[in-house]
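query-v2.cif (mmCIF, C-alpha atoms and all ligand atoms)
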```cif
data_start
loop_
_atom_site.label_atom_id
_atom_site.label_comp_id
_atom_site.auth_asym_id
_atom_site.auth_seq_id
_atom_site.Cartn_x
_atom_site.Cartn_y
_atom_site.Cartn_z
CA MET C 1 21.74 -67.02 10.00
CA THR C 2 18.87 -65.20 8.33
CA ILE C 3 15.14 -65.23 9.00
CA ALA C 4 13.09 -64.32 5.94
CA PHE C 5 9.49 -63.12 5.92
CA THR C 6 6.70 -62.30 3.50
CA THR C 7 5.64 -58.90 4.89
CA THR C 8 6.56 -56.54 7.73
CA ILE C 9 6.60 -58.53 10.97
CA PRO C 10 7.88 -57.77 14.50
CA GLN C 11 11.54 -57.94 13.54
CA GLU C 12 12.56 -57.06 17.11
CA TYR C 13 12.55 -60.79 18.00
CA ILE C 14 14.96 -61.64 15.17
CA TRP C 15 17.49 -58.96 16.08
CA ALA C 16 17.20 -59.81 19.78
CA ALA C 17 18.09 -63.43 18.97
CA GLY C 18 21.25 -62.28 17.16
CA LEU C 19 19.84 -63.26 13.73
CA THR C 20 19.40 -61.19 10.58
CA PRO C 21 15.96 -60.29 9.16
CA LEU C 22 15.26 -60.38 5.43
CA ASP C 23 12.09 -59.03 3.87
CA LEU C 24 11.60 -61.24 0.80
CA ASN C 25 9.78 -58.41 -0.97
CA ASN C 26 12.92 -56.26 -0.77
CA TYR C 27 15.05 -59.20 -1.96
CA PHE C 28 12.72 -59.74 -4.93
CA ILE C 29 12.49 -56.13 -6.08
CA THR C 30 16.19 -55.30 -5.71
CA GLY C 31 17.32 -58.52 -7.40
CA ASP C 32 16.74 -59.99 -10.83
CA SER C 33 12.96 -59.65 -10.48
CA ARG C 34 11.96 -60.78 -13.98
CA HIS C 35 14.09 -63.89 -13.66
CA PHE C 36 12.55 -64.66 -10.25
CA ILE C 37 9.04 -64.32 -11.73
CA GLY C 38 9.94 -66.76 -14.53
CA ASN C 39 11.26 -69.20 -11.92
CA GLY C 40 8.07 -68.80 -9.88
CA GLU C 41 5.90 -69.69 -12.88
CA GLN C 42 8.01 -72.76 -13.59
CA MET C 43 7.72 -73.76 -9.94
CA GLY C 44 3.94 -73.88 -10.16
CA MET C 45 2.59 -70.37 -9.64
CA PRO C 46 -0.21 -69.68 -12.13
CA ARG C 47 0.57 -66.91 -14.63
CA SER C 48 -2.45 -64.99 -13.34
CA THR C 49 -0.90 -64.56 -9.88
CA CYS C 50 0.57 -61.32 -8.55
CA SER C 51 4.17 -60.82 -9.68
CA TRP C 52 5.39 -60.31 -6.11
CA ILE C 53 4.17 -63.74 -5.06
CA LYS C 54 5.60 -65.43 -8.16
CA GLY C 55 8.91 -63.61 -7.67
CA ILE C 56 9.19 -64.41 -3.96
CA LEU C 57 8.72 -68.08 -4.74
CA GLY C 58 11.09 -67.92 -7.71
CA ALA C 59 13.81 -66.26 -5.61
CA MET C 60 13.94 -69.51 -3.63
CA GLN C 61 15.85 -71.08 -6.50
CA GLU C 62 18.80 -68.90 -5.52
CA GLU C 63 21.30 -70.98 -3.63
CA ALA C 64 22.87 -67.76 -2.33
CA LEU C 65 19.57 -66.98 -0.61
CA THR C 66 18.39 -70.37 0.63
CA SER C 67 21.77 -71.42 2.00
CA LYS C 68 21.67 -68.62 4.58
CA LEU C 69 18.03 -69.07 5.66
CA GLN C 70 17.14 -70.66 8.97
CA ALA C 71 13.38 -70.13 8.73
CA ILE C 72 10.65 -68.18 6.98
CA ILE C 73 7.99 -66.29 8.90
CA ALA C 74 4.84 -66.56 6.81
CA VAL C 75 2.02 -64.16 7.60
CA THR C 76 -1.22 -66.06 7.23
CA GLU C 77 -3.70 -63.39 8.37
CA GLY C 78 -3.47 -59.67 7.71
CA ASP C 79 -1.28 -59.85 4.64
CA CYS C 80 -1.71 -61.52 1.31
CA SER C 81 -4.54 -63.88 0.43
CA ASN C 82 -2.05 -65.85 -1.69
CA ASN C 83 0.22 -66.66 1.23
CA HIS C 84 -1.40 -70.00 2.07
CA GLY C 85 -0.62 -71.27 -1.44
CA LEU C 86 2.86 -69.77 -1.27
CA ILE C 87 3.57 -71.58 2.01
CA SER C 88 2.47 -74.90 0.52
CA LEU C 89 4.96 -74.44 -2.31
CA PHE C 90 7.72 -73.37 0.12
CA LYS C 91 7.14 -76.61 2.01
CA TYR C 92 7.33 -78.63 -1.22
CA TYR C 93 10.53 -77.04 -2.55
CA LEU C 94 12.26 -76.30 0.76
CA PRO C 95 11.26 -79.14 3.10
CA HIS C 96 14.32 -78.55 5.30
CA LEU C 97 13.29 -74.96 6.05
CA GLU C 98 11.16 -74.18 9.07
CA ILE C 99 8.00 -72.18 8.36
CA ILE C 100 6.81 -70.05 11.27
CA HIS C 101 3.17 -68.99 10.98
CA PHE C 102 2.30 -65.52 12.19
CA SER C 103 -1.05 -63.69 12.10
CA TYR C 104 -2.27 -60.16 12.58
CA PRO C 105 -5.81 -60.72 13.93
CA ALA C 106 -8.31 -59.09 11.60
CA ASP C 107 -10.29 -57.74 14.58
CA LYS C 108 -7.09 -56.20 16.05
CA ASN C 109 -7.73 -58.11 19.24
CA PRO C 110 -4.79 -57.34 21.62
CA GLU C 111 -5.07 -60.73 23.37
CA ARG C 112 -4.83 -62.61 20.08
CA LEU C 113 -1.90 -60.51 18.90
CA LYS C 114 -0.20 -61.04 22.27
CA LEU C 115 -0.48 -64.79 21.73
CA GLU C 116 1.06 -64.49 18.25
CA LEU C 117 3.93 -62.42 19.66
CA SER C 118 4.53 -64.92 22.46
CA LYS C 119 4.88 -67.67 19.84
CA LEU C 120 7.65 -65.65 18.17
CA GLN C 121 9.28 -64.92 21.52
CA SER C 122 9.35 -68.57 22.44
CA TYR C 123 10.63 -69.67 19.00
CA PHE C 124 13.52 -67.19 19.21
CA GLY C 125 14.14 -67.79 22.92
CA VAL C 126 14.37 -64.09 23.70
CA SER C 127 13.95 -62.66 27.22
CA ASP C 128 11.64 -59.70 27.95
CA GLU C 129 14.66 -57.58 28.94
CA LYS C 130 16.51 -58.30 25.72
CA LEU C 131 13.40 -57.47 23.74
CA VAL C 132 13.02 -54.08 25.46
CA VAL C 133 16.66 -53.18 24.79
CA THR C 134 16.40 -54.26 21.16
CA LYS C 135 13.19 -52.35 20.52
CA SER C 136 14.66 -49.27 22.09
CA ARG C 137 17.73 -49.44 19.79
CA LEU C 138 15.58 -49.95 16.68
CA ASP C 139 13.37 -47.06 17.81
CA GLN C 140 16.41 -44.77 17.74
CA VAL C 141 16.79 -45.61 14.06
CA ARG C 142 13.04 -45.14 13.50
CA GLN C 143 13.22 -41.69 15.10
CA LYS C 144 15.89 -40.73 12.58
CA VAL C 145 13.72 -42.05 9.76
CA ASN C 146 10.89 -39.87 11.10
CA ARG C 147 13.23 -36.88 11.12
CA TYR C 148 14.25 -37.59 7.53
CA ASP C 149 10.62 -37.94 6.47
CA TYR C 150 9.69 -34.65 8.15
CA LEU C 151 12.56 -32.88 6.39
CA GLN C 152 11.73 -34.30 2.99
CA TYR C 153 8.16 -33.07 3.11
CA THR C 154 9.01 -29.67 4.50
CA LYS C 155 12.14 -29.06 2.40
CA LEU C 156 10.45 -30.46 -0.73
CA ASN C 157 13.80 -31.21 -2.24
CA ALA C 158 14.54 -34.92 -1.83
CA ALA C 159 14.18 -37.39 -4.68
CA ALA C 160 11.02 -39.42 -4.06
CA LYS C 161 12.86 -42.60 -5.00
CA VAL C 162 15.32 -42.03 -2.13
CA THR C 163 12.53 -41.41 0.37
CA GLN C 164 10.54 -44.42 -0.78
CA ASN C 165 13.64 -46.60 -0.56
CA ILE C 166 14.49 -45.48 2.98
CA LEU C 167 10.94 -46.04 4.23
CA VAL C 168 10.36 -49.41 2.56
CA SER C 169 13.71 -50.73 3.78
CA THR C 170 12.74 -50.21 7.42
CA SER C 171 11.00 -53.61 7.34
CA ASP C 172 14.42 -55.27 7.72
CA PHE C 173 16.82 -52.27 7.91
CA ASP C 174 18.66 -53.85 4.97
CA GLY C 175 19.92 -56.51 7.38
CA ASN C 176 22.21 -54.03 9.18
CA TYR C 177 20.50 -51.31 11.24
CA GLU C 178 23.75 -49.51 12.08
CA LYS C 179 24.74 -49.07 8.45
CA PHE C 180 21.14 -48.20 7.62
CA GLU C 181 21.14 -45.54 10.34
CA GLU C 182 24.37 -44.01 8.94
CA ASN C 183 22.72 -43.71 5.54
CA VAL C 184 19.64 -42.03 7.03
CA VAL C 185 21.81 -39.58 8.97
CA ALA C 186 23.76 -38.75 5.77
CA ASN C 187 20.46 -38.03 4.01
CA ILE C 188 19.27 -35.88 6.94
CA ASN C 189 22.47 -33.83 6.75
CA LEU C 190 22.08 -33.46 3.02
CA LEU C 191 18.52 -32.19 3.34
CA GLU C 192 19.34 -29.84 6.20
CA ASN C 193 21.87 -28.15 3.96
CA THR C 194 19.63 -28.04 0.90
CA PRO C 195 17.48 -25.01 0.02
CA THR C 196 13.72 -25.53 0.16
CA GLY C 197 12.14 -26.54 -3.15
CA HIS C 198 9.02 -24.96 -4.65
CA PRO C 199 7.17 -27.63 -6.61
CA SER C 200 3.81 -26.64 -8.11
CA LEU C 201 2.24 -29.90 -6.95
CA ARG C 202 2.58 -32.01 -3.81
CA LEU C 203 1.57 -35.60 -4.34
CA GLY C 204 0.99 -38.60 -2.11
CA TYR C 205 1.45 -42.25 -3.02
CA CYS C 206 -0.75 -44.92 -1.44
CA GLY C 207 -1.20 -48.64 -1.82
CA VAL C 208 1.35 -51.44 -1.96
CA PRO C 209 4.92 -50.53 -3.00
CA THR C 210 5.05 -50.18 -6.75
CA ILE C 211 6.74 -52.61 -9.09
CA ILE C 212 7.21 -49.81 -11.67
CA SER C 213 10.84 -48.75 -11.61
CA ASP C 214 10.56 -45.18 -12.92
CA LEU C 215 7.18 -44.05 -11.56
CA PHE C 216 8.60 -41.48 -9.14
CA THR C 217 11.31 -40.13 -11.44
CA TYR C 218 8.68 -39.71 -14.16
CA LEU C 219 6.31 -37.86 -11.81
CA GLU C 220 9.14 -35.62 -10.69
CA SER C 221 10.00 -34.73 -14.29
CA PHE C 222 6.94 -32.47 -13.97
CA PRO C 223 6.87 -29.57 -11.48
CA ALA C 224 5.66 -32.05 -8.85
CA LYS C 225 7.06 -33.75 -5.75
CA VAL C 226 5.92 -37.01 -4.20
CA ILE C 227 6.17 -36.39 -0.46
CA PHE C 228 3.97 -39.02 1.16
CA PHE C 229 4.28 -42.81 0.96
CA GLU C 230 1.43 -44.33 2.90
CA VAL C 231 2.27 -48.03 3.25
CA GLU C 232 6.03 -47.50 3.35
CA LYS C 233 5.56 -44.92 6.12
CA ASP C 234 3.45 -47.43 8.02
CA PHE C 235 6.25 -50.04 7.70
CA SER C 236 8.60 -47.57 9.42
CA MET C 237 6.49 -47.66 12.63
CA PRO C 238 6.31 -43.85 12.86
CA THR C 239 4.41 -43.57 16.14
CA ILE C 240 7.05 -45.45 18.18
CA GLU C 241 4.97 -47.10 20.90
CA SER C 242 6.40 -48.23 24.22
CA THR C 243 5.90 -52.01 23.83
CA VAL C 244 6.12 -54.43 20.93
CA LEU C 245 2.44 -55.27 21.40
CA GLU C 246 1.38 -51.63 21.19
CA GLN C 247 3.72 -51.07 18.26
CA TYR C 248 2.15 -53.76 16.13
CA LEU C 249 -1.37 -52.75 17.13
CA ALA C 250 -0.56 -49.25 15.85
CA PHE C 251 0.58 -50.73 12.52
CA ARG C 252 -2.28 -50.11 10.06
CA TYR C 253 -1.45 -52.13 6.93
CA PRO C 254 -2.55 -55.60 8.15
CA TYR C 255 -5.83 -54.41 9.61
CA ASP C 256 -8.76 -52.56 8.07
CA ILE C 257 -8.76 -50.13 5.15
CA TYR C 258 -10.74 -47.49 7.06
CA SER C 259 -7.93 -46.68 9.49
CA ARG C 260 -5.60 -46.37 6.49
CA ILE C 261 -8.00 -43.98 4.76
CA HIS C 262 -8.29 -41.94 7.95
CA TYR C 263 -4.48 -41.67 8.08
CA ILE C 264 -4.28 -40.74 4.38
CA ASN C 265 -6.79 -37.94 4.94
CA GLU C 266 -4.84 -36.67 7.95
CA GLN C 267 -1.66 -36.60 5.89
CA ILE C 268 -3.40 -34.79 3.01
CA LEU C 269 -3.99 -31.93 5.47
CA GLU C 270 -0.64 -32.20 7.26
CA ARG C 271 1.44 -32.32 4.06
CA LYS C 272 -0.92 -30.12 2.02
CA LEU C 273 -1.22 -32.72 -0.72
CA ASP C 274 -2.82 -31.76 -4.04
CA GLY C 275 -3.46 -35.32 -5.18
CA ILE C 276 -3.10 -39.00 -4.34
CA ILE C 277 -1.85 -41.76 -6.59
CA TYR C 278 -3.23 -45.10 -5.48
CA TYR C 279 -1.27 -48.04 -6.80
CA ALA C 280 -2.81 -51.49 -7.10
CA GLN C 281 -0.91 -54.58 -8.19
CA ALA C 282 -2.44 -56.70 -10.95
CA PHE C 283 -4.14 -59.84 -9.56
CA CYS C 284 -4.03 -58.46 -5.99
CA HIS C 285 -7.04 -58.78 -3.70
CA ARG C 286 -6.26 -55.27 -2.43
CA GLN C 287 -7.55 -53.90 -5.74
CA ILE C 288 -10.98 -54.12 -4.14
CA ASP C 289 -9.91 -51.26 -1.84
CA SER C 290 -9.64 -48.92 -4.85
CA PHE C 291 -13.39 -48.27 -4.72
CA LEU C 292 -13.27 -47.04 -1.12
CA ILE C 293 -10.12 -45.03 -1.74
CA GLN C 294 -11.82 -43.20 -4.60
CA LYS C 295 -14.96 -42.59 -2.53
CA LEU C 296 -13.41 -41.61 0.79
CA VAL C 297 -10.03 -40.00 0.18
CA LYS C 298 -10.33 -36.22 0.31
CA ALA C 299 -8.12 -35.31 -2.65
CA PRO C 300 -8.22 -36.11 -6.37
CA VAL C 301 -7.17 -39.77 -6.76
CA LEU C 302 -5.55 -41.48 -9.72
CA ILE C 303 -5.70 -45.29 -9.61
CA LEU C 304 -2.74 -46.97 -11.27
CA GLU C 305 -2.15 -50.64 -11.89
CA GLY C 306 1.16 -52.39 -12.50
CA ASP C 307 1.94 -56.00 -13.34
CA ALA C 308 5.52 -56.95 -14.22
CA PRO C 309 8.63 -55.11 -13.00
CA GLY C 310 9.97 -52.51 -15.39
CA ALA C 311 9.51 -49.00 -16.70
CA LEU C 312 6.21 -47.17 -17.27
CA ASP C 313 4.33 -48.02 -20.45
CA MET C 314 3.16 -45.25 -22.78
CA ARG C 315 -0.50 -45.56 -21.80
CA THR C 316 0.27 -45.07 -18.09
CA LYS C 317 2.56 -42.15 -18.89
CA ILE C 318 -0.28 -40.44 -20.75
CA ARG C 319 -2.67 -41.06 -17.84
CA LEU C 320 -0.16 -39.56 -15.40
CA GLU C 321 0.43 -36.58 -17.66
CA SER C 322 -3.28 -35.78 -17.95
CA TYR C 323 -3.73 -36.22 -14.18
CA ILE C 324 -0.93 -33.74 -13.51
CA GLU C 325 -2.32 -31.29 -16.07
CA ARG C 326 -5.70 -31.53 -14.37
CA LEU C 327 -4.17 -30.67 -10.99
CA LEU C 328 -1.94 -27.82 -12.16
S1 LIG J 401 0.58 -57.08 -4.12
FE1 LIG J 401 -1.26 -58.05 -3.27
S2 LIG J 401 -1.32 -60.11 -4.13
FE2 LIG J 401 0.74 -59.29 -4.43
S3 LIG J 401 1.92 -60.00 -2.66
FE3 LIG J 401 1.15 -57.97 -2.15
S4 LIG J 401 -0.79 -58.32 -1.09
FE4 LIG J 401 -0.25 -60.23 -2.17
#
```
Go through the file and emit its structure as structure tokens.
Ligand code: SF4
Amino acid sequence: MTIAFTTTIPQEYIWAAGLTPLDLNNYFITGDSRHFIGNGEQMGMPRSTCSWIKGILGAMQEEALTSKLQAIIAVTEGDCSNNHGLISLFKYYLPHLEIIHFSYPADKNPERLKLELSKLQSYFGVSDEKLVVTKSRLDQVRQKVNRYDYLQYTKLNAAAKVTQNILVSTSDFDGNYEKFEENVVANINLLENTPTGHPSLRLGYCGVPTIISDLFTYLESFPAKVIFFEVEKDFSMPTIESTVLEQYLAFRYPYDIYSRIHYINEQILERKLDGIIYYAQAFCHRQIDSFLIQKLVKAPVLILEGDAPGALDMRTKIRLESYIERLL
């Protein structure tokens, strides 16, 4: 059976229990997203709600999805301010499904996070030993993802879309970490045997994963490479800590914006980035962070906003073009 969730959570417990994780964001964006959004609106989500939230709710009309779900882990602190409303609608439409509440304490208090983790451990009935073994196996995959990421930003020759896809998929390893690992290894081999590229510009991408389908291919139609994906990289748990508790304390996304900005600035130096594109989703509370990103990030920032899934509109293309011209 499958355990779905609304953002990156400690998936170790799900694998250790012999179940399959499913990040509903990945399901939404790789499926018939526009249709899911339409469903979500019909199911009660106001039109002026973020498309991801509408789409995640709307996806629940898919029998193929709901028939395999055992429970949904809903993150009620440290993720989306809309999640409380989303959970209420889940309960209305899917009364048979169990909703497991999980929180990342805003103050990053280790004792509070420990308590949240112990709730997951007891729900899944997983022993400490099994958890250690599972984490260690997933960490082997994460190490390979780190290797791939290092190669892509030093070789400067991978398609940004491929890199973004690998990193964002680490939240559930596409439901099969062995197959996922094989794909990462194939991409490592490919990059190792590829000559180094020489783009004129090195760009970073920050903010929530974009809903715009051709953003990276458009950017790379210029002499530019996107070689840093802030939130996606965070999902991949790059620091590989020794315990689950330490791992999810090192995760930046659910906590404060300042540690994220600090990391972005480190990576600007490490990856020699010429500019940062900060993406904000329409109707998302995280848009408020744009102000601090513009003030505190130490590279020229372009703030982009997207709403519905689909290709870039002409106005955004022109903004991107003038940003690139300014940097060249
Ligand atoms: S983009 Fe913002 S509003 Fe939409 S689901 Fe993510 S956190 Fe929530």
Next on the checklist: If I take CA of Leu327 in chain C and CA of Asp274 in chain C, how far is one from the other in Å, to one decimal?
Outcome noted: 7.2 Å
Determine, using only C-alpha atoms and all ligand atoms, which residues of chain C have any atom at most 12 Å from an atom of ligand LIG 401 (chain J), and tabulate each with its shortest atom pair and distance in Å to one decimal place, rows ordered by chain and then rising number, as a tab-separated table.
```
residue	atom	partner	partner_atom	distance
C:Phe5	CA	J:LIG401	S3	11.9
C:Thr6	CA	J:LIG401	S3	8.1
C:Thr7	CA	J:LIG401	FE3	8.4
C:Thr8	CA	J:LIG401	FE3	11.4
C:Leu24	CA	J:LIG401	S3	10.4
C:Asn25	CA	J:LIG401	S3	8.2
C:Asn26	CA	J:LIG401	S3	11.8
C:Phe28	CA	J:LIG401	S3	11.0
C:Ile29	CA	J:LIG401	S3	11.8
C:Ser48	CA	J:LIG401	S2	10.5
C:Thr49	CA	J:LIG401	S2	7.3
C:Cys50	CA	J:LIG401	FE2	4.6
C:Ser51	CA	J:LIG401	FE2	6.5
C:Trp52	CA	J:LIG401	S3	4.9
C:Ile53	CA	J:LIG401	S3	5.0
C:Lys54	CA	J:LIG401	S3	8.6
C:Gly55	CA	J:LIG401	S3	9.3
C:Ile56	CA	J:LIG401	S3	8.6
C:Leu57	CA	J:LIG401	S3	10.8
C:Ala74	CA	J:LIG401	S3	11.9
C:Val75	CA	J:LIG401	FE4	10.8
C:Thr76	CA	J:LIG401	FE4	11.1
C:Glu77	CA	J:LIG401	S4	11.1
C:Gly78	CA	J:LIG401	S4	9.3
C:Asp79	CA	J:LIG401	S4	6.0
C:Cys80	CA	J:LIG401	FE4	4.0
C:Ser81	CA	J:LIG401	FE4	6.2
C:Asn82	CA	J:LIG401	FE4	5.9
C:Asn83	CA	J:LIG401	FE4	7.3
C:His84	CA	J:LIG401	FE4	10.7
C:Gly85	CA	J:LIG401	FE4	11.1
C:Leu86	CA	J:LIG401	S3	9.9
C:Gly207	CA	J:LIG401	S1	8.9
C:Val208	CA	J:LIG401	S1	6.1
C:Pro209	CA	J:LIG401	S1	7.9
C:Thr210	CA	J:LIG401	S1	8.6
C:Ile211	CA	J:LIG401	S1	9.1
C:Val231	CA	J:LIG401	FE3	11.4
C:Tyr253	CA	J:LIG401	S4	10.2
C:Pro254	CA	J:LIG401	S4	9.8
C:Tyr279	CA	J:LIG401	S1	9.6
C:Ala280	CA	J:LIG401	S1	7.2
C:Gln281	CA	J:LIG401	S1	5.0
C:Ala282	CA	J:LIG401	S1	7.5
C:Phe283	CA	J:LIG401	S2	6.1
C:Cys284	CA	J:LIG401	S2	3.7
C:His285	CA	J:LIG401	FE1	5.8
C:Arg286	CA	J:LIG401	FE1	5.8
C:Gln287	CA	J:LIG401	FE1	7.9
C:Ile288	CA	J:LIG401	FE1	10.5
C:Asp289	CA	J:LIG401	FE1	11.1
C:Glu305	CA	J:LIG401	S1	10.5
C:Gly306	CA	J:LIG401	S1	9.6
C:Asp307	CA	J:LIG401	S1	9.4
C:Ala308	CA	J:LIG401	FE2	11.1
```
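For the choices C:Leu113, C:Val145, C:Ala106, C:Ile268, the atom-to-atom distance to Arg202 in chain C is smallest for C:Ile268 when using all atoms listed in the file.
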Next on the checklist: Here is a test: counting all atoms listed in the file, which residue of C:Arg47, C:Arg34, C:Lys135, C:His96 is nearest to Leu69 in chain C?
Outcome noted: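 Closest candidate: C:His96.
Counting all atoms listed in the file and comparing C:Asn146, C:Asn109, C:Ser67, C:Thr196, the residue that lies closest to Leu249 in chain C is C:Asn109.
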Checklist entry - Which value, in Å to one decimal, gives the distance between CA of Glu111 in chain C and CA of Arg260 in chain C? => result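 Interatomic distance here is 22.2 Å.
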Next on the checklist: Which residue is closest to Pro95 in chain C? Choose from C:Lys119, C:Ile257, C:Ala224, C:Ala71 and count all atoms listed in the file.
Outcome noted: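 Using all atoms listed in the file, Pro95 in chain C sits closest to C:Ala71.
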Next on the checklist: Can you tell me which residues surround Leu167 in chain C at a distance of at most 8 Å, considering only C-alpha atoms, apart from same-chain residues fewer than 2 positions away, and format the answer as a PyMOL selection string?
Outcome noted: chain C and resi 145+163-165+169-170+232-233+235-236
Item to check | Gap from CA of His198 in chain C to CA of Thr217 in chain C - Å, one decimal | outcome: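 Value for the CA of His198 in chain C-CA of Thr217 in chain C distance: 16.8 Å.
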Checklist entry - Could you pull the residues within 12 Å of Gln140 in chain C, counting all atoms listed in the file, minus those fewer than 2 positions along the same chain, as an MDAnalysis selection string? => result chainID C and resid 133:138 142:147 177:178 180:182 184:185 236:238 240
Checklist entry - Of the candidates C:Gln294, C:Asn183, C:Thr194, C:Gln247, which shows the shortest atom-to-atom distance to Lys155 in chain C, using only C-alpha atoms? => result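 The shortest atom-to-atom distance to Lys155 in chain C comes from C:Thr194.
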Checklist entry - So, counting only C-alpha atoms, which residue among C:Asp174, C:Leu120, C:Arg112, C:Asp149 is closest to Ile100 in chain C? => result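 Checking each of C:Asp174, C:Leu120, C:Arg112, C:Asp149 against Ile100 in chain C, counting only C-alpha atoms, the winner is C:Leu120.
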Item to check | Residue neighbourhood Glu266 in chain C, 12 Å, all atoms listed in the file, exclusion window fewer than 2 positions, as a list of chain:residue names | outcome: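 Surrounding residues, per the criterion: C:Gly204, C:Phe228, C:Glu230, C:Ser259, C:Arg260, C:Ile261, C:His262, C:Tyr263, C:Ile264, C:Ile268, C:Leu269, C:Glu270, C:Arg271, C:Lys272, C:Leu273, C:Val297, C:Lys298, C:Ala299.
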Checklist entry - Could you name the residues that touch Ile324 in chain C at 10 Å or less, counting all atoms listed in the file, but leaving out those on the same chain fewer than 5 positions away, as a ChimeraX atom specification? => result /C:201,203,219,222-224,274-275,302,318-319
